[in-house]
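Pasted below: data-v1.cif, mmCIF, C-alpha atoms.
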data_run
loop_
_atom_site.label_atom_id
_atom_site.label_comp_id
_atom_site.auth_asym_id
_atom_site.auth_seq_id
_atom_site.Cartn_x
_atom_site.Cartn_y
_atom_site.Cartn_z
CA MET A 21 66.55 104.03 -36.49
CA LYS A 22 62.75 104.15 -36.60
CA SER A 23 61.05 107.48 -36.89
CA GLY A 24 58.68 108.57 -34.13
CA ARG A 25 56.16 109.83 -36.60
CA GLY A 26 52.94 107.89 -36.86
CA HIS A 27 51.45 106.62 -40.07
CA ALA A 28 47.79 107.18 -40.80
CA VAL A 29 45.41 104.34 -41.50
CA PRO A 30 43.29 105.22 -44.54
CA GLY A 31 39.91 106.63 -43.47
CA SER A 32 40.88 106.69 -39.79
CA GLY A 33 41.75 110.37 -39.43
CA GLN A 34 44.80 109.49 -37.26
CA PRO A 35 47.86 111.79 -36.99
CA VAL A 36 50.25 111.77 -39.92
CA GLY A 37 53.61 113.42 -39.36
CA GLY A 38 52.37 115.25 -36.27
CA SER A 39 49.23 116.67 -37.95
CA VAL A 40 45.64 115.45 -37.97
CA VAL A 41 44.09 114.63 -41.31
CA ALA A 42 40.32 114.42 -41.53
CA GLY A 43 39.32 111.12 -43.03
CA PRO A 44 36.60 110.61 -45.61
CA GLY A 45 34.30 109.29 -42.87
CA LEU A 46 33.61 112.81 -41.62
CA CYS A 47 32.84 114.01 -45.12
CA ARG A 48 30.49 111.10 -45.71
CA CYS A 49 28.67 111.91 -42.46
CA SER A 50 28.13 115.54 -43.43
CA ASP A 51 27.03 114.46 -46.90
CA ARG A 52 24.41 112.16 -45.38
CA VAL A 53 23.08 115.00 -43.22
CA LEU A 54 22.79 117.34 -46.19
CA ALA A 55 21.35 114.59 -48.36
CA GLY A 56 18.59 114.06 -45.82
CA MET A 57 17.42 117.67 -46.10
CA ARG A 58 14.17 117.93 -48.04
CA TRP A 59 14.86 121.27 -49.73
CA GLY A 60 11.70 120.95 -51.79
CA ARG A 61 9.65 121.69 -48.68
CA LEU A 62 10.84 125.29 -48.89
CA GLN A 63 8.50 125.64 -51.87
CA GLU A 64 5.55 124.73 -49.66
CA PRO A 65 3.83 127.50 -47.65
CA LEU A 66 4.83 125.97 -44.34
CA GLY A 67 8.54 126.15 -45.15
CA PHE A 68 8.55 129.27 -47.31
CA VAL A 69 6.82 131.43 -44.69
CA LYS A 70 9.26 130.20 -42.04
CA VAL A 71 12.13 131.43 -44.19
CA LEU A 72 10.48 134.84 -44.45
CA GLU A 73 9.95 134.90 -40.68
CA TRP A 74 13.61 134.04 -40.17
CA LEU A 75 14.79 136.83 -42.49
CA PHE A 76 12.48 139.56 -41.20
CA ALA A 77 13.31 138.70 -37.59
CA ILE A 78 16.94 139.47 -38.42
CA PHE A 79 15.93 142.71 -40.13
CA ALA A 80 13.79 143.78 -37.16
CA PHE A 81 16.21 143.28 -34.29
CA GLY A 82 19.17 144.34 -36.44
CA ALA A 83 17.61 147.66 -37.43
CA CYS A 84 16.54 148.49 -33.88
CA GLY A 85 19.62 147.21 -32.06
CA SER A 86 22.13 148.94 -34.33
CA PHE A 87 20.44 152.36 -34.37
CA SER A 88 22.34 155.46 -33.29
CA GLY A 89 21.46 159.10 -33.79
CA GLU A 90 22.80 162.56 -33.13
CA SER A 91 21.04 165.75 -32.10
CA GLY A 92 22.47 169.20 -31.48
CA ALA A 93 22.00 172.90 -30.85
CA THR A 94 24.06 176.09 -30.87
CA VAL A 95 24.33 178.70 -28.10
CA LYS A 96 25.57 182.24 -28.78
CA CYS A 97 26.05 184.48 -25.78
CA SER A 98 25.80 188.27 -25.82
CA GLY A 99 28.86 190.41 -26.52
CA GLU A 100 31.23 190.47 -29.44
CA SER A 101 33.91 188.52 -27.62
CA LYS A 102 31.65 185.54 -27.00
CA GLU A 103 31.94 182.71 -29.46
CA MET A 104 29.21 180.37 -30.56
CA SER A 105 29.12 177.05 -28.70
CA ALA A 106 27.99 173.94 -30.54
CA ILE A 107 26.33 171.13 -28.57
CA SER A 108 26.25 167.60 -29.94
CA VAL A 109 24.37 164.73 -28.29
CA GLN A 110 24.69 161.13 -29.46
CA PHE A 111 22.20 158.48 -28.42
CA GLY A 112 21.12 154.99 -29.49
CA TYR A 113 19.89 151.58 -28.40
CA PRO A 114 18.73 150.78 -25.69
CA PHE A 115 17.50 154.42 -25.49
CA ARG A 116 18.15 155.11 -21.82
CA LEU A 117 18.20 158.81 -22.57
CA TYR A 118 18.53 159.86 -18.93
CA GLN A 119 22.05 158.42 -19.05
CA VAL A 120 23.10 160.48 -22.10
CA PRO A 121 25.01 163.62 -20.99
CA PHE A 122 25.71 166.85 -22.82
CA GLU A 123 27.48 170.08 -21.85
CA MET A 124 25.54 173.32 -21.43
CA PRO A 125 27.78 176.41 -21.74
CA GLU A 126 27.56 179.32 -19.28
CA CYS A 127 27.47 182.86 -20.56
CA ASP A 128 28.83 184.61 -17.46
CA GLY A 129 32.40 183.77 -18.46
CA GLU A 130 33.34 182.53 -15.01
CA SER A 131 31.45 179.27 -14.49
CA GLU A 132 32.39 175.95 -16.05
CA PRO A 133 29.94 174.29 -18.45
CA ARG A 134 27.22 172.34 -16.68
CA THR A 135 26.49 168.71 -17.47
CA LEU A 136 22.87 167.97 -18.30
CA HIS A 137 21.14 164.79 -19.43
CA LEU A 138 18.40 163.97 -21.86
CA VAL A 139 14.99 163.09 -20.45
CA GLY A 140 13.29 159.71 -20.63
CA ASP A 141 13.89 155.97 -20.47
CA PHE A 142 12.52 154.03 -23.45
CA SER A 143 14.60 150.89 -23.02
CA ALA A 144 11.64 148.64 -22.11
CA PRO A 145 9.86 148.64 -25.51
CA ALA A 146 13.16 148.67 -27.42
CA GLU A 147 14.66 145.73 -25.52
CA PHE A 148 11.41 143.77 -25.71
CA PHE A 149 11.34 144.33 -29.47
CA VAL A 150 14.94 143.18 -29.95
CA THR A 151 14.55 140.21 -27.59
CA LEU A 152 11.46 139.04 -29.44
CA GLY A 153 13.33 139.29 -32.71
CA VAL A 154 16.18 137.16 -31.40
CA PHE A 155 13.82 134.48 -30.06
CA SER A 156 11.88 134.49 -33.35
CA PHE A 157 15.14 134.00 -35.23
CA LEU A 158 16.14 131.04 -33.04
CA TYR A 159 12.72 129.39 -33.14
CA THR A 160 12.28 129.67 -36.90
CA MET A 161 15.78 128.26 -37.44
CA ALA A 162 14.96 125.26 -35.25
CA ALA A 163 11.58 124.83 -36.96
CA LEU A 164 13.22 124.87 -40.39
CA VAL A 165 15.60 122.10 -39.34
CA LEU A 166 12.60 120.11 -38.12
CA TYR A 167 10.63 120.68 -41.33
CA LEU A 168 13.50 119.92 -43.70
CA ARG A 169 15.37 117.12 -41.94
CA PHE A 170 12.93 115.46 -39.52
CA HIS A 171 9.57 116.01 -41.17
CA SER A 172 8.60 112.40 -40.54
CA LEU A 173 8.72 113.11 -36.81
CA TYR A 174 6.66 116.25 -37.35
CA ALA A 175 4.01 114.17 -39.13
CA ASP A 176 4.06 111.17 -36.77
CA ILE A 177 4.19 112.93 -33.40
CA LYS A 178 0.85 114.72 -33.20
CA LYS A 179 1.95 116.99 -30.36
CA LEU A 180 4.59 118.71 -32.50
CA PRO A 181 2.15 120.43 -34.92
CA PHE A 182 -0.06 121.40 -31.98
CA THR A 183 2.93 122.88 -30.13
CA ASP A 184 4.05 124.67 -33.29
CA PHE A 185 0.58 126.14 -33.72
CA CYS A 186 0.45 127.42 -30.13
CA VAL A 187 3.92 128.96 -30.39
CA THR A 188 3.04 130.58 -33.73
CA VAL A 189 -0.08 132.18 -32.24
CA CYS A 190 1.93 133.47 -29.28
CA PHE A 191 4.61 134.96 -31.53
CA ALA A 192 1.96 136.65 -33.68
CA PHE A 193 0.42 138.26 -30.60
CA PHE A 194 3.79 139.29 -29.18
CA TRP A 195 4.87 140.85 -32.47
CA LEU A 196 1.72 142.97 -32.55
CA VAL A 197 2.35 144.15 -28.99
CA ALA A 198 6.07 144.71 -29.57
CA ALA A 199 5.62 146.65 -32.82
CA ALA A 200 2.91 148.88 -31.34
CA ALA A 201 4.87 149.50 -28.12
CA TRP A 202 8.11 150.24 -29.95
CA GLY A 203 6.26 152.54 -32.37
CA LYS A 204 4.94 154.55 -29.42
CA GLY A 205 8.35 154.49 -27.73
CA LEU A 206 10.03 155.70 -30.91
CA SER A 207 7.69 158.68 -31.18
CA ASP A 208 8.63 159.59 -27.59
CA VAL A 209 12.33 159.22 -28.43
CA LYS A 210 11.87 161.61 -31.35
CA ALA A 211 10.17 164.15 -29.09
CA ALA A 212 12.90 163.92 -26.43
CA THR A 213 15.83 164.19 -28.83
CA ARG A 214 14.74 166.91 -31.23
CA PRO A 215 16.85 170.09 -31.06
CA SER A 216 13.95 172.13 -29.68
CA SER A 217 13.83 169.82 -26.65
CA LEU A 218 17.53 170.44 -26.01
CA ILE A 219 17.01 174.20 -26.20
CA ALA A 220 14.04 174.01 -23.82
CA ALA A 221 16.08 171.99 -21.31
CA MET A 222 18.95 174.53 -21.15
CA SER A 223 18.37 177.37 -18.70
CA VAL A 224 21.02 179.49 -20.42
CA CYS A 225 18.71 179.85 -23.41
CA GLN A 226 16.15 181.61 -21.20
CA GLY A 227 18.49 184.53 -20.56
CA GLN A 228 18.41 187.82 -22.40
CA ASP A 229 20.66 188.44 -25.37
CA VAL A 230 21.35 184.70 -25.66
CA VAL A 231 20.56 183.15 -29.03
CA CYS A 232 19.97 179.40 -29.21
CA ASN A 233 19.37 177.71 -32.52
CA ALA A 234 18.72 174.16 -33.64
CA GLY A 235 21.68 172.10 -34.72
CA ALA A 236 21.85 168.59 -36.12
CA THR A 237 18.50 166.84 -36.47
CA PRO A 238 18.49 163.09 -35.77
CA ALA A 239 18.03 160.83 -38.79
CA MET A 240 15.43 158.32 -37.64
CA GLY A 241 15.03 156.39 -40.88
CA LEU A 242 16.54 153.13 -39.59
CA ALA A 243 14.38 153.26 -36.46
CA ASN A 244 11.26 153.86 -38.55
CA ILE A 245 12.13 150.85 -40.71
CA SER A 246 12.48 148.68 -37.60
CA VAL A 247 8.88 149.47 -36.65
CA LEU A 248 7.78 148.56 -40.17
CA PHE A 249 9.64 145.26 -39.91
CA GLY A 250 7.85 144.62 -36.63
CA PHE A 251 4.42 144.87 -38.23
CA ILE A 252 5.57 142.76 -41.19
CA ASN A 253 6.63 140.08 -38.72
CA PHE A 254 3.18 140.23 -37.14
CA LEU A 255 1.52 139.71 -40.54
CA LEU A 256 3.83 136.80 -41.35
CA TRP A 257 3.26 135.01 -38.05
CA ALA A 258 -0.50 135.67 -38.12
CA GLY A 259 -0.78 134.37 -41.68
CA ASN A 260 1.33 131.33 -40.88
CA CYS A 261 -1.15 130.32 -38.18
CA TRP A 262 -3.43 128.92 -40.87
CA PHE A 263 -0.74 126.82 -42.53
CA VAL A 264 0.40 125.40 -39.19
CA PHE A 265 -3.21 124.77 -38.15
CA LYS A 266 -3.67 122.59 -41.24
CA GLU A 267 -1.00 120.24 -39.85
CA THR A 268 -2.78 119.71 -36.52
CA THR A 269 -5.30 117.00 -35.67
CA TRP A 270 -8.03 119.64 -35.34
CA HIS A 271 -7.94 120.25 -39.09
CA THR A 272 -7.53 116.61 -40.08
CA GLN A 273 -10.47 115.57 -37.89
CA ALA A 274 -12.67 118.26 -39.40
CA GLU A 275 -12.02 117.21 -43.02
CA PRO A 276 -14.01 113.89 -43.00
CA HIS A 277 -17.07 115.68 -41.65
CA GLY A 278 -16.90 118.14 -44.51
CA ASP A 279 -16.55 115.35 -47.07
CA SER A 280 -19.49 113.38 -45.64
CA ALA A 281 -21.66 116.50 -45.63
CA ALA A 282 -20.81 117.13 -49.29
CA GLU A 283 -21.63 113.54 -50.17
CA GLN A 284 -24.91 113.73 -48.29
CA GLY A 285 -25.80 116.92 -50.16
CA ALA A 286 -25.10 115.23 -53.49
CA ILE A 287 -27.33 112.30 -52.53
CA ASP A 288 -30.13 114.64 -51.54
CA LYS A 289 -29.97 116.38 -54.92
CA GLN A 290 -30.29 113.04 -56.69
#

What does the file become when written as structure tokens?
Amino acid sequence: MKSGRGHAVPGSGQPVGGSVVAGPGLCRCSDRVLAGMRWGRLQEPLGFVKVLEWLFAIFAFGACGSFSGESGATVKCSGESKEMSAISVQFGYPFRLYQVPFEMPECDGESEPRTLHLVGDFSAPAEFFVTLGVFSFLYTMAALVLYLRFHSLYADIKKLPFTDFCVTVCFAFFWLVAAAAWGKGLSDVKAATRPSSLIAAMSVCQGQDVVCNAGATPAMGLANISVLFGFINFLLWAGNCWFVFKETTWHTQAEPHGDSAAEQGAIDKQ
């Protein structure tokens, strides 16, 4: 009797024994794609700066989007029988602090702890910063593919360098705005989450014989680094404007005039 199992044709990638075997055709196709990449262009300013933009975009939105902090305070009511109550508040991206609750103890011994919330909503600058970082990451990745694999199209189609220049200028401006706005928003987050702000927000700390002390202080190092990455991204995109401008027709049309002026000056000296 004949078996129902199929036999593969070499290079066809057809099922063999009920399983699919990838033929060498797929490998050859991927090899041709990789072989067409002009990796040497990464050594040129136009490609090298794009790689830096790609990396620092990841650093910027990763540092801001993954941030989380903790603040706290302690409340000690009057009387020897009263124990010290520790308050811990955790917060993070997107910094909608008004949605972050914490329990305020009552010192009368009869009431249940009250639920309070932090003050402030700083999600707008934080989300704008992260969104800009994600779009910068996507655009630079697409631009790198264009530079490395389809650079002939970039050189032949004059609208592509012009579009790249306009987008680069826009990203440079947006990074300046985003870094400055997030820097201001971060300073407000620090003010709203410090332990002294928690103590000031709790009415129980205003009573007599009630001792309130600062607890855990938020570690804002990662958030501070995200602001630094934002300004680095601005410098990268602003500096890259010149290298992209050199690829546009504006720069190429200006070069002959400069050469003719230099030649005319040399003739005048003779």

May I have the residues within 6 Å of segment 72-79 of chain A as an mmCIF file with C-alpha atoms, in the frame of the given file, using all atoms listed in the file and disregarding those fewer than 5 positions away in the same chain?
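So the final result, stored in result24.cif, reads:
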data_model
loop_
_atom_site.group_PDB
_atom_site.id
_atom_site.type_symbol
_atom_site.label_atom_id
_atom_site.label_comp_id
_atom_site.auth_asym_id
_atom_site.auth_seq_id
_atom_site.Cartn_x
_atom_site.Cartn_y
_atom_site.Cartn_z
ATOM 1 C CA GLY A 153 13.330 139.290 -32.710
ATOM 2 C CA PHE A 157 15.140 134.000 -35.230
ATOM 3 C CA THR A 160 12.280 129.670 -36.900
#

| task | Please write as a ChimeraX atom specification the full residue list that the PyMOL selection byres ((chain A and resi 255-259) around 10) yields on this file. | result | /A:69-70,72-73,76,156,187-196,249-254,260-264

| request: Mind checking which residues fall within 8 Å of Asp208 of chain A, counting all atoms listed in the file, ignoring those fewer than 4 positions away in the same chain, and posting them as a VMD selection string? | output: chain A and resid 142 204 212

| request: On this file, the PyMOL selection byres ((chain A and resi 108-122) around 7) gives some set of residues; write that set as a VMD selection string. | output: chain A and resid 85 to 93 106 to 107 123 to 124 135 to 143 146 to 147

Can you write just those residues out, C-alpha atoms, as a compact mmCIF listing (two decimals), in the frame of the given file?
# COMPACT_ATOMS: atom_id res chain seq x y z
CA GLY A 85 19.62 147.21 -32.06
CA SER A 86 22.13 148.94 -34.33
CA PHE A 87 20.44 152.36 -34.37
CA SER A 88 22.34 155.46 -33.29
CA GLY A 89 21.46 159.10 -33.79
CA GLU A 90 22.80 162.56 -33.13
CA SER A 91 21.04 165.75 -32.10
CA GLY A 92 22.47 169.20 -31.48
CA ALA A 93 22.00 172.90 -30.85
CA ALA A 106 27.99 173.94 -30.54
CA ILE A 107 26.33 171.13 -28.57
CA GLU A 123 27.48 170.08 -21.85
CA MET A 124 25.54 173.32 -21.43
CA THR A 135 26.49 168.71 -17.47
CA LEU A 136 22.87 167.97 -18.30
CA HIS A 137 21.14 164.79 -19.43
CA LEU A 138 18.40 163.97 -21.86
CA VAL A 139 14.99 163.09 -20.45
CA GLY A 140 13.29 159.71 -20.63
CA ASP A 141 13.89 155.97 -20.47
CA PHE A 142 12.52 154.03 -23.45
CA SER A 143 14.60 150.89 -23.02
CA ALA A 146 13.16 148.67 -27.42
CA GLU A 147 14.66 145.73 -25.52

| task | Identify, on the basis of only C-alpha atoms, every residue whose closest approach to Leu180 of chain A does not exceed 12 Å; exclude the query and any residue fewer than 4 positions from it along the same chain; express the result as a PyMOL selection string. | result | chain A and resi 163+166-167+170-176+184-187+264-265+267-269
